[in-house]
Amino acid sequence: MKLISTKSSRSGKSSHTAKKASALTIAIILILVMAIGGTVAFLVTHTDQIVNTFQPTDVTCEIIEDFNADKTVKTSAVVKNTGKIPAYIRVAVVANTVDAKGNITGKADVRDKLESSGWTNVGDYYYYNSVVQPNETTGNLLAKDIDLNGIQVTILASAIQAEPTNAVAEAWDVQFDGSTWSAVSGT
């Protein structure tokens, strides 16, 4: 009697091909893992350290005011760029009437004494019309002396880096075209 095999010769080849494909896949994965691991090991041991050369900016300013001998008349007000980089300067002027004890009794109007050449009024601020270099000062904000009898005048200054030029528009909502300040449209 003759036995008939139910196994096909084809299924034997298929099993053998599947084993080869699995072995090939494993070999490729091992080669990739070794290549990546070797590259990382090389970079860790052979890459020089990078030094961060970034230096934060220092933008600061101070108000320098002059008075007559008995401190009853403010004769000048300039702002010094005490920072390390060129800056734009702006000031807010707060003027109030005061009684004999120094208590604030209302607002005072000193606008006619301000805005000498070199300054432009936009909204509540006076902007200096030039970039102020480190350790340099603005021109005098006062067009006329201010008699302080019965009033108190406080000048608040702020500075912002001159570069990039869009920093001013983003932070202060004004733009400077090199000679004139104006409010940014839409604000």
# chains A, B, ... in the order shown; residues from 1 in each chain; ligands from 1
call {"tool": "residues_around", "arguments": {"residues": "region 141-154 of chain A", "least_positions_apart": "2", "cutoff": "6 Å", "atoms": "only C-alpha atoms", "output": "JSON, numbers by chain"}}
result
{"A": [72, 73, 74, 75, 76, 77, 93, 94, 95, 96, 97, 98, 113, 114, 115, 116]}
call {"tool": "closest_residue", "arguments": {"among": "A:Ser15, A:Asn81, A:Asn52, A:Thr57", "to": "Asn135 (chain A)", "atoms": "only C-alpha atoms"}}
result
A:Asn81
call {"tool": "select_by_dssp", "arguments": {"residues": "region 3-187 of chain A", "states": "strand (DSSP E)", "output": "ChimeraX atom specification"}}
result
/A:61-67,73-81,87-98,104-107,119-122,125-128,146-147,151-161,174-176,181-183
call {"tool": "select_by_dssp", "arguments": {"residues": "region 23-184 of chain A", "states": "helix (DSSP H, G or I)", "output": "VMD selection string"}}
result
chain A and resid 23 to 46 111 to 113 166 to 172
